[in-house]
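Student: Structure below; questions to follow.
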Number of protein chains: 2
Amino acid sequence: MYESLSSEVLPQQIPSQSKVLVAVSGGPDSVALAHVIYRYSCENQDKNISFVITHVNHKVRREADKEAELVKNLAGEWKAGFILHEFDAKRNASACRQSFQEASREWRYARWKEDMEAWGCDLLATAHHLGDQAETVLYRLLRGSGTTGLAGIYPVKDKIIRPLLSVTKEEILEYCKVQSLPYSIDKSNLETDYYRNKIRLELIPGLESKYNQRITDALGRTAELLRWDEEYICAQTEALWPRYCLRADHTRVLLSHEAWKEPEAILSRLLRKAASQVSGETRGPAFKFVKLWMQKGKQTGWRQDLQGFKVEVVKQGLFFFNVERESKEYISGKDRIEEFRLFVKLPLALNVWNKITELKVQVGIFDFYPEEQHVLWSTELDPVQMSVQTEPLVCRTRQAGDRIYFKNLGHKAIKKVFQDKDISAGERDKILFFAFGDLVVWIPGVCRGDSLLPAGPQSSRLYLVAAEI
Amino acid sequence: MYESLSSEVLPQQIPSQSKVLVAVSGGPDSVALAHVIYRYSCENQDKNISFVITHVNHKVRREADKEAELVKNLAGEWKAGFILHEFDAKRNASACRQSFQEASREWRYARWKEDMEAWGCDLLATAHHLGDQAETVLYRLLRGSGTTGLAGIYPVKDKIIRPLLSVTKEEILEYCKVQSLPYSIDKSNLETDYYRNKIRLELIPGLESKYNQRITDALGRTAELLRWDEEYICAQTEALWPRYCLRADHTRVLLSHEAWKEPEAILSRLLRKAASQVSGETRGPAFKFVKLWMQKGKQTGWRQDLQGFKVEVVKQGLFFFNVERESKEYISGKDRIEEFRLFVKLPLALNVWNKITELKVQVGIFDFYPEEQHVLWSTELDPVQMSVQTEPLVCRTRQAGDRIYFKNLGHKAIKKVFQDKDISAGERDKILFFAFGDLVVWIPGVCRGDSLLPAGPQSSRLYLVAAEI
């Protein structure tokens, strides 16, 4: 094991002058990893490689303190720096409403990031091995992942290195034995994920005995081949992103219709990236949505409401926009803003911007989505219902008697809306909204009433919009 | 099932005016497929789609004749052409030394190709369904395939269409039931492949009950995503092939060192293509070889002998050449060819081409591999042993007393060599070879003796070469 690591893997992953943070749980994998790095640094003095050991005491099992002691002693023996973290995992997990597994994982990586900064480390080494890789590939295959998922764990990603990723558990245990390395037996391996445990303890051994004795090697090979492909296609996608992304910020992405000329491999990744960007969900959208967007992305007027964001085909392309994130802000001036009248019944006022220079905002009503502007908020109105309103649509701040209508609730006083949204009394006078008389239809960034909604997804509509000047 | 097929799949896969050859075994899958195509052609008269049914009677099971009758009746009912093939599978398999499964599969596709020509069909439709896809993906995963393998069965490839590839077995059975379609129950499903049966009958149901109830959907999704990626990277590789392939025919490929600048996804595929081309093995070389070539491909002098072909790093790139295929030809003129003397001990003669214009061949000895020429045959000589030869190296036809030396055999008369190779007496006088006095070292395209072989893979050598003029 050490021979191939020191001749092939470590020279690639750990350049001269590196300072490596090694995450050591005290189990055989991480103890072997730390020893390999220790040995490599000793045998290659000219490279001037140093390392620091970081340990998290999860305080869950009785042996936790003994494990911390064991790792500390090893660090002392190998003359390496030692960092100890203590984690109340259960408390943390319930606080975050995540699984124990997920919560402690996130917590560990956050601490390690801090450790790297505090100790001036260039790299973080973790002890993932070929068995972990095989488990990850199967886990993702069982969920129907594509290349992105099946590429598995990366041997090098950003500043994280996994030198043992091509080494089997058996080789690691053999190495510990030959080198007389002490380690703790991690009964649960910190895993409380029943599904993953079942893959590791049942599925892989079953496949090994019945289908392929070298199944972990095979799955490791699959991961490596797919990582090559994934890295290549991602690089190609990134290179094409600026060409097709007509506008992007954290709440809006407009993907040009031109992108639909690209092969599925590229188009699907552009769509995933667009959706992830507006949803903030790094895992990306489900396959069925990506496929739907590929099919519908050029059908003008097609739209879809999803958890946290909306998708709509506009003139230039497919538009992704996040509704929730927008609602964290609203249009507000320092003082009371005077009233704007949007005479939508007069042809002159339709499709015309009305500037509120002091707020750096322009508002207007359009019979198309004004995608060429930097739209901050938008909603849709039914032109049929508008035509029977007795009062004109205005943009203004609040007045006594203002109310908004909700389908399931009836009319509600605007004051109550502001209270519910925790908007301070001082702020309330400065917030701009749209109303017909005292019927408020929309408070951009705060809420949309249910009045004057378009009849259905395919019926005609006007776009009421606030954009950056 | 029919609704989504007739609205989405069939319009894409079967253009107007198509004549489709439908392969029908008589099992539920293929009977449903034929019925779906029949129904689609009836409901879309304007498209003018017609079809022909082809059936192979494998004569293995007792029910075989009844099945043939069933399919023939269906064809009659649906007013479709009917083709019947009879196959003595067992005899065929033993003749080809292949498995029954593989042999009958090849035989079927060969007949279908003939059927398409004879009946003027544009497309061949087969009844692969989502279960077959899932089985194929798992089968390949268990062997550690990359994107190429895990992309599974293609819904459309060349002239073959698989309209049912996204349909489950349950949907097919339900369709047969609702449409009252008669079918035979294929107990063995023509599969004698124990391994594949185990995947279908044990592994998939096990994964379904313990890991993911919709495992076939998941694996189908994986195959589709990976097919997108595979098609994209293959297209990119094909586009780059002419840039990096400095020479290619069916026995030789020279891949430029420049190709090593490409990402692994591309380089690995260029290497696979090069190896497949010279080996004639469509499955391509093993992962370990591809990885080795990626590592060693620029180390001048590195070489490797493989089953059926050799790989060698030369000045301009990595050279793949097939030894076996070359031996099917040899240098031969219409009449006796006069003698050429290659005075290799004189500096003037080294690295100089000697033309034999009447044969459109030039021969020479070089201290580098003359890759810029179209080399037809080449071998290597040890310059140390050459320097102690008393006779000069000559290129000539046979003379009485000529002999060649083999390590395990000793000296052998050239006449005997020609006899063993079935070269006619008339031809023997015309064949050109290289000799020091009466010691023949090499008869290009016939055999290489073991005299004057370079000492080892890294020792110095001269290249004795015959190239096209």
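Labels used: A, B, ... for chains in the order of the structure tokens, numbers from 1 for residues in each chain, and numbers from 1 for ligands as shown.
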Just need the residues of chain A within 9 Å of chain B, counting only C-alpha atoms, so spit them out as a ChimeraX atom specification.

Tutor: /A:141-147,195,198-199,203,207,211-212,214-233,263-266,287

Student: Write the selection just made, keeping C-alpha atoms, as a short mmCIF file (atom, residue, chain, number, x, y, z; two decimals), in the first residue's frame?

Tutor:
```cif
data_model
loop_
_atom_site.label_atom_id
_atom_site.label_comp_id
_atom_site.auth_asym_id
_atom_site.auth_seq_id
_atom_site.Cartn_x
_atom_site.Cartn_y
_atom_site.Cartn_z
CA LEU A 141 -27.04 4.35 -8.48
CA LEU A 142 -29.94 3.11 -6.38
CA ARG A 143 -31.35 6.62 -6.70
CA GLY A 144 -30.83 6.80 -10.46
CA SER A 145 -28.01 9.35 -10.50
CA GLY A 146 -26.26 10.42 -13.67
CA THR A 147 -22.57 10.92 -14.31
CA TYR A 195 -29.66 2.88 4.41
CA LYS A 198 -27.25 -1.70 4.74
CA ILE A 199 -25.38 -1.01 1.51
CA LEU A 203 -25.39 -5.25 -0.39
CA LEU A 207 -22.56 -8.63 -4.64
CA TYR A 211 -21.62 -11.48 -8.72
CA ASN A 212 -18.08 -10.14 -8.65
CA ARG A 214 -13.72 -7.64 -6.93
CA ILE A 215 -16.83 -5.48 -6.82
CA THR A 216 -15.19 -2.63 -4.88
CA ASP A 217 -12.43 -2.43 -7.50
CA ALA A 218 -15.06 -2.44 -10.23
CA LEU A 219 -17.09 0.34 -8.63
CA GLY A 220 -13.93 2.35 -7.99
CA ARG A 221 -13.09 2.02 -11.68
CA THR A 222 -16.58 3.19 -12.64
CA ALA A 223 -16.21 6.22 -10.37
CA GLU A 224 -12.86 7.14 -11.88
CA LEU A 225 -14.07 6.81 -15.49
CA LEU A 226 -17.19 8.82 -14.74
CA ARG A 227 -15.22 11.49 -12.91
CA TRP A 228 -13.12 12.02 -16.05
CA ASP A 229 -16.30 12.48 -18.09
CA GLU A 230 -17.98 14.66 -15.50
CA GLU A 231 -15.00 16.97 -15.18
CA TYR A 232 -14.79 17.32 -18.95
CA ILE A 233 -18.47 18.06 -19.53
CA PRO A 263 -26.59 18.47 -27.04
CA GLU A 264 -28.50 17.09 -24.06
CA ALA A 265 -25.32 16.62 -22.00
CA ILE A 266 -24.67 20.38 -22.09
CA PHE A 287 -34.40 14.72 -13.52
#
```

Student: If we count only C-alpha atoms, what is near range 446-455 of chain A at a cut-off of 9 Å, once residues fewer than 4 positions away on the same chain are taken out, given as a JSON list (two decimals) with N, CA, C and O atoms, in the first residue's frame?

Tutor:
```json
[["chain", "number", "residue", "atom", "x", "y", "z"],
["A", 326, "GLU", "N", -36.92, 36.90, -3.12],
["A", 326, "GLU", "CA", -37.32, 38.27, -3.40],
["A", 326, "GLU", "C", -38.10, 38.85, -2.24],
["A", 326, "GLU", "O", -38.00, 40.02, -1.93],
["A", 327, "SER", "N", -38.89, 37.99, -1.58],
["A", 327, "SER", "CA", -39.79, 38.50, -0.55],
["A", 327, "SER", "C", -39.04, 38.95, 0.70],
["A", 327, "SER", "O", -39.66, 39.44, 1.64],
["A", 328, "LYS", "N", -37.75, 38.77, 0.73],
["A", 328, "LYS", "CA", -37.00, 39.25, 1.89],
["A", 328, "LYS", "C", -36.76, 40.75, 1.82],
["A", 328, "LYS", "O", -36.35, 41.37, 2.78],
["A", 329, "GLU", "N", -36.97, 41.34, 0.64],
["A", 329, "GLU", "CA", -36.78, 42.77, 0.49],
["A", 329, "GLU", "C", -38.09, 43.37, -0.01],
["A", 329, "GLU", "O", -38.94, 42.67, -0.52],
["A", 330, "TYR", "N", -38.22, 44.64, 0.12],
["A", 330, "TYR", "CA", -39.39, 45.30, -0.45],
["A", 330, "TYR", "C", -38.99, 46.71, -0.84],
["A", 330, "TYR", "O", -37.91, 47.19, -0.49],
["A", 379, "THR", "N", -45.26, 40.71, -10.85],
["A", 379, "THR", "CA", -46.45, 39.89, -10.65],
["A", 379, "THR", "C", -47.29, 39.99, -11.91],
["A", 379, "THR", "O", -46.91, 40.69, -12.87],
["A", 380, "GLU", "N", -48.40, 39.27, -11.93],
["A", 380, "GLU", "CA", -49.23, 39.25, -13.12],
["A", 380, "GLU", "C", -50.65, 39.67, -12.75],
["A", 380, "GLU", "O", -51.13, 39.37, -11.67],
["A", 381, "LEU", "N", -51.32, 40.38, -13.68],
["A", 381, "LEU", "CA", -52.69, 40.84, -13.46],
["A", 381, "LEU", "C", -53.56, 40.40, -14.63],
["A", 381, "LEU", "O", -53.10, 40.35, -15.77],
["A", 382, "ASP", "N", -54.82, 40.13, -14.32],
["A", 382, "ASP", "CA", -55.77, 39.73, -15.35],
["A", 382, "ASP", "C", -56.34, 40.99, -16.01],
["A", 382, "ASP", "O", -57.02, 41.79, -15.36],
["A", 383, "PRO", "N", -56.10, 41.20, -17.29],
["A", 383, "PRO", "CA", -56.56, 42.45, -17.96],
["A", 383, "PRO", "C", -58.08, 42.56, -17.99],
["A", 383, "PRO", "O", -58.62, 43.67, -18.00],
["A", 384, "VAL", "N", -58.79, 41.42, -17.99],
["A", 384, "VAL", "CA", -60.26, 41.47, -18.02],
["A", 384, "VAL", "C", -60.79, 42.08, -16.72],
["A", 384, "VAL", "O", -61.59, 43.02, -16.73],
["A", 385, "GLN", "N", -60.31, 41.57, -15.58],
["A", 385, "GLN", "CA", -60.74, 42.13, -14.29],
["A", 385, "GLN", "C", -60.30, 43.59, -14.14],
["A", 385, "GLN", "O", -60.99, 44.40, -13.53],
["A", 386, "MET", "N", -59.09, 43.89, -14.68],
["A", 386, "MET", "CA", -58.62, 45.27, -14.59],
["A", 386, "MET", "C", -59.57, 46.23, -15.29],
["A", 386, "MET", "O", -59.81, 47.34, -14.82],
["A", 404, "ILE", "N", -56.27, 44.31, 1.71],
["A", 404, "ILE", "CA", -55.82, 43.38, 0.66],
["A", 404, "ILE", "C", -56.72, 42.15, 0.76],
["A", 404, "ILE", "O", -57.25, 41.84, 1.83],
["A", 405, "TYR", "N", -56.92, 41.46, -0.38],
["A", 405, "TYR", "CA", -57.85, 40.34, -0.40],
["A", 405, "TYR", "C", -57.10, 39.01, -0.56],
["A", 405, "TYR", "O", -56.23, 38.89, -1.42],
["A", 406, "PHE", "N", -57.43, 38.06, 0.30],
["A", 406, "PHE", "CA", -56.88, 36.70, 0.15],
["A", 406, "PHE", "C", -58.03, 35.72, -0.02],
["A", 406, "PHE", "O", -59.01, 35.78, 0.72],
["A", 407, "LYS", "N", -57.85, 34.79, -0.94],
["A", 407, "LYS", "CA", -58.90, 33.85, -1.30],
["A", 407, "LYS", "C", -59.50, 33.13, -0.08],
["A", 407, "LYS", "O", -60.70, 33.03, 0.09],
["A", 417, "VAL", "N", -51.19, 43.05, 7.93],
["A", 417, "VAL", "CA", -50.19, 42.37, 7.08],
["A", 417, "VAL", "C", -48.79, 42.77, 7.53],
["A", 417, "VAL", "O", -47.92, 41.92, 7.73],
["A", 418, "PHE", "N", -48.57, 44.06, 7.72],
["A", 418, "PHE", "CA", -47.25, 44.55, 8.13],
["A", 418, "PHE", "C", -46.88, 44.00, 9.51],
["A", 418, "PHE", "O", -45.73, 43.61, 9.74],
["A", 421, "LYS", "N", -45.76, 40.47, 9.30],
["A", 421, "LYS", "CA", -44.46, 40.33, 8.64],
["A", 421, "LYS", "C", -43.34, 40.96, 9.47],
["A", 421, "LYS", "O", -42.21, 41.10, 8.99],
["A", 439, "LEU", "N", -58.10, 49.01, -2.52],
["A", 439, "LEU", "CA", -57.82, 47.58, -2.66],
["A", 439, "LEU", "C", -56.36, 47.40, -3.09],
["A", 439, "LEU", "O", -56.00, 47.64, -4.25],
["A", 440, "VAL", "N", -55.56, 47.00, -2.14],
["A", 440, "VAL", "CA", -54.14, 46.76, -2.44],
["A", 440, "VAL", "C", -54.05, 45.40, -3.14],
["A", 440, "VAL", "O", -54.62, 44.42, -2.66],
["A", 441, "VAL", "N", -53.34, 45.33, -4.30],
["A", 441, "VAL", "CA", -53.21, 44.03, -4.97],
["A", 441, "VAL", "C", -51.84, 43.39, -4.71],
["A", 441, "VAL", "O", -51.70, 42.19, -4.68],
["A", 442, "TRP", "N", -50.85, 44.25, -4.51],
["A", 442, "TRP", "CA", -49.49, 43.68, -4.45],
["A", 442, "TRP", "C", -48.54, 44.62, -3.71],
["A", 442, "TRP", "O", -48.46, 45.80, -4.04],
["A", 459, "SER", "N", -54.15, 31.78, -19.90],
["A", 459, "SER", "CA", -54.95, 32.96, -20.25],
["A", 459, "SER", "C", -54.06, 34.20, -20.33],
["A", 459, "SER", "O", -52.93, 34.21, -19.87],
["A", 460, "SER", "N", -54.61, 35.26, -20.91],
["A", 460, "SER", "CA", -53.82, 36.47, -21.14],
["A", 460, "SER", "C", -53.51, 37.16, -19.81],
["A", 460, "SER", "O", -54.19, 36.95, -18.81],
["A", 461, "ARG", "N", -52.48, 37.98, -19.80],
["A", 461, "ARG", "CA", -52.04, 38.62, -18.55],
["A", 461, "ARG", "C", -51.21, 39.86, -18.86],
["A", 461, "ARG", "O", -50.64, 39.99, -19.95],
["A", 462, "LEU", "N", -51.14, 40.73, -17.87],
["A", 462, "LEU", "CA", -50.23, 41.88, -17.95],
["A", 462, "LEU", "C", -49.20, 41.70, -16.83],
["A", 462, "LEU", "O", -49.49, 41.08, -15.80]]
```

Student: With only C-alpha atoms as the counted atoms, please give the residues lying no more than 9 Å from Leu181 in chain B, apart from itself and same-chain residues fewer than 2 positions off, as number ranges by chain.

Tutor: B: 28, 31-32, 35, 175-179, 183

Student: Which of these, A:His374, A:Arg111, A:His85, A:Lys157, has the shortest distance to Asp65 in chain A once you count only C-alpha atoms?

Tutor: A:His85

Student: Considering only C-alpha atoms, state which residue in the set B:Phe51, B:Phe320, B:Tyr154, B:Tyr194 is at the smallest distance from Ala275 in chain B.

Tutor: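 Nearest to Ala275 in chain B: B:Phe320.
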
Student: Do you know which residues are at most 10 Å from range 112-124 of chain A counting only C-alpha atoms, after dropping those on the same chain fewer than 6 positions away, and could you put them as a ChimeraX atom specification?

Tutor: /A:13-15,17-23,50-56,81,83,85,106,156,158-162

Student: Got a sec to tell me which of range 238-458 of chain A DSSP assigns to alpha helix (DSSP H), as a ChimeraX atom specification?

Tutor: /A:238-244,264-279,287-296,323-326,383-387,414-420,425-428

Student: Could you pull out all residues of range 320-424 of chain A with a DSSP call of strand (DSSP E or B) and give them as a VMD selection string?

Tutor: chain A and resid 320 to 322 332 340 to 342 354 to 356 361 to 366 375 to 381 393 to 396 403 to 406 410 to 413

Student: So which residues touch Gly284 in chain A within 8 Å, counting only C-alpha atoms, skipping near sequence neighbours fewer than 4 positions away, as a ChimeraX atom specification?

Tutor: /A:272-273,275-276

Student: Might you pull out every residue within 10 Å of Pro163 in chain B, with only C-alpha atoms counted and same-chain residues fewer than 4 positions away left off, and present them as a list in words?

Tutor: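 Skipping anything fewer than 4 positions along the chain leaves Leu5, Ser6, Val9, Leu10, Gln12, Gln13, Ile14, Leu33, Val36, Ile37, Ala125, Thr126, Ala127, His128, His129, Pro155, Val156 and Val167 of chain B.
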
Student: Env of Val253 in chain B: 7 Å cut, atoms = only C-alpha atoms, seq-sep filter 4 positions within chain, self excluded. Answer as a PDB file with all heavy atoms, in the first residue's frame.

Tutor:
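Just written: out.pdb:
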```
ATOM      1  N   CYS B 245      -4.761  11.776 -34.901  1.00  0.00           N
ATOM      2  CA  CYS B 245      -4.400  10.505 -35.510  1.00  0.00           C
ATOM      3  C   CYS B 245      -3.524  10.796 -36.712  1.00  0.00           C
ATOM      4  O   CYS B 245      -4.003  11.204 -37.766  1.00  0.00           O
ATOM      5  CB  CYS B 245      -5.659   9.762 -35.924  1.00  0.00           C
ATOM      6  SG  CYS B 245      -5.250   8.275 -36.817  1.00  0.00           S
ATOM      7  N   ARG B 247      -1.625   8.763 -38.429  1.00  0.00           N
ATOM      8  CA  ARG B 247      -1.748   7.761 -39.480  1.00  0.00           C
ATOM      9  C   ARG B 247      -2.681   6.669 -38.995  1.00  0.00           C
ATOM     10  O   ARG B 247      -2.632   6.289 -37.833  1.00  0.00           O
ATOM     11  CB  ARG B 247      -0.403   7.149 -39.825  1.00  0.00           C
ATOM     12  CG  ARG B 247      -0.491   6.262 -41.065  1.00  0.00           C
ATOM     13  CD  ARG B 247       0.730   5.422 -41.261  1.00  0.00           C
ATOM     14  NE  ARG B 247       1.911   6.184 -41.033  1.00  0.00           N
ATOM     15  CZ  ARG B 247       3.026   5.657 -40.534  1.00  0.00           C
ATOM     16  NH1 ARG B 247       3.059   4.382 -40.191  1.00  0.00           N
ATOM     17  NH2 ARG B 247       4.085   6.401 -40.358  1.00  0.00           N
ATOM     18  N   ALA B 248      -3.499   6.179 -39.861  1.00  0.00           N
ATOM     19  CA  ALA B 248      -4.399   5.090 -39.444  1.00  0.00           C
ATOM     20  C   ALA B 248      -4.775   4.231 -40.627  1.00  0.00           C
ATOM     21  O   ALA B 248      -5.146   4.729 -41.682  1.00  0.00           O
ATOM     22  CB  ALA B 248      -5.656   5.643 -38.802  1.00  0.00           C
ATOM     23  N   ASP B 249      -4.612   2.944 -40.501  1.00  0.00           N
ATOM     24  CA  ASP B 249      -5.277   1.981 -41.367  1.00  0.00           C
ATOM     25  C   ASP B 249      -5.633   0.813 -40.464  1.00  0.00           C
ATOM     26  O   ASP B 249      -5.541   0.930 -39.241  1.00  0.00           O
ATOM     27  CB  ASP B 249      -4.403   1.585 -42.560  1.00  0.00           C
ATOM     28  CG  ASP B 249      -3.063   1.035 -42.141  1.00  0.00           C
ATOM     29  OD1 ASP B 249      -3.025   0.268 -41.149  1.00  0.00           O
ATOM     30  OD2 ASP B 249      -2.059   1.363 -42.769  1.00  0.00           O
ATOM     31  N   ALA B 274      -8.031   3.880 -30.962  1.00  0.00           N
ATOM     32  CA  ALA B 274      -6.805   3.438 -31.641  1.00  0.00           C
ATOM     33  C   ALA B 274      -6.611   1.936 -31.443  1.00  0.00           C
ATOM     34  O   ALA B 274      -6.359   1.193 -32.397  1.00  0.00           O
ATOM     35  CB  ALA B 274      -5.606   4.217 -31.097  1.00  0.00           C
ATOM     36  N   VAL B 278      -6.807  -1.284 -34.383  1.00  0.00           N
ATOM     37  CA  VAL B 278      -5.767  -2.238 -34.777  1.00  0.00           C
ATOM     38  C   VAL B 278      -6.062  -3.655 -34.285  1.00  0.00           C
ATOM     39  O   VAL B 278      -5.667  -4.620 -34.926  1.00  0.00           O
ATOM     40  CB  VAL B 278      -4.341  -1.819 -34.338  1.00  0.00           C
ATOM     41  CG1 VAL B 278      -3.942  -0.505 -34.978  1.00  0.00           C
ATOM     42  CG2 VAL B 278      -4.221  -1.736 -32.839  1.00  0.00           C
ATOM     43  N   PHE B 319       2.320   4.565 -30.885  1.00  0.00           N
ATOM     44  CA  PHE B 319       2.104   3.808 -32.104  1.00  0.00           C
ATOM     45  C   PHE B 319       1.457   2.477 -31.752  1.00  0.00           C
ATOM     46  O   PHE B 319       1.963   1.739 -30.911  1.00  0.00           O
ATOM     47  CB  PHE B 319       3.462   3.610 -32.766  1.00  0.00           C
ATOM     48  CG  PHE B 319       3.390   3.081 -34.167  1.00  0.00           C
ATOM     49  CD1 PHE B 319       2.693   3.766 -35.143  1.00  0.00           C
ATOM     50  CD2 PHE B 319       4.046   1.915 -34.508  1.00  0.00           C
ATOM     51  CE1 PHE B 319       2.634   3.283 -36.438  1.00  0.00           C
ATOM     52  CE2 PHE B 319       3.990   1.426 -35.803  1.00  0.00           C
ATOM     53  CZ  PHE B 319       3.287   2.110 -36.769  1.00  0.00           C
ATOM     54  N   PHE B 320       0.323   2.186 -32.358  1.00  0.00           N
ATOM     55  CA  PHE B 320      -0.370   0.911 -32.171  1.00  0.00           C
ATOM     56  C   PHE B 320      -0.218   0.132 -33.458  1.00  0.00           C
ATOM     57  O   PHE B 320      -0.533   0.659 -34.529  1.00  0.00           O
ATOM     58  CB  PHE B 320      -1.876   1.133 -31.954  1.00  0.00           C
ATOM     59  CG  PHE B 320      -2.216   1.831 -30.675  1.00  0.00           C
ATOM     60  CD1 PHE B 320      -2.080   3.204 -30.547  1.00  0.00           C
ATOM     61  CD2 PHE B 320      -2.699   1.110 -29.588  1.00  0.00           C
ATOM     62  CE1 PHE B 320      -2.410   3.853 -29.369  1.00  0.00           C
ATOM     63  CE2 PHE B 320      -3.028   1.746 -28.407  1.00  0.00           C
ATOM     64  CZ  PHE B 320      -2.877   3.119 -28.297  1.00  0.00           C
ATOM     65  N   PHE B 321       0.244  -1.105 -33.387  1.00  0.00           N
ATOM     66  CA  PHE B 321       0.301  -1.879 -34.623  1.00  0.00           C
ATOM     67  C   PHE B 321      -0.035  -3.344 -34.392  1.00  0.00           C
ATOM     68  O   PHE B 321       0.331  -3.931 -33.390  1.00  0.00           O
ATOM     69  CB  PHE B 321       1.624  -1.720 -35.356  1.00  0.00           C
ATOM     70  CG  PHE B 321       2.843  -1.948 -34.516  1.00  0.00           C
ATOM     71  CD1 PHE B 321       3.586  -3.104 -34.648  1.00  0.00           C
ATOM     72  CD2 PHE B 321       3.255  -0.993 -33.591  1.00  0.00           C
ATOM     73  CE1 PHE B 321       4.719  -3.318 -33.877  1.00  0.00           C
ATOM     74  CE2 PHE B 321       4.379  -1.200 -32.812  1.00  0.00           C
ATOM     75  CZ  PHE B 321       5.113  -2.363 -32.954  1.00  0.00           C
TER      76      PHE B 321
END
```

Student: From the options A:His58, A:Lys72, A:Arg269, A:Arg200, which residue's atoms come nearest to Gly131 in chain A, counting only C-alpha atoms?

Tutor: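 Nearest candidate to Gly131 in chain A out of A:His58, A:Lys72, A:Arg269, A:Arg200: A:Arg200.
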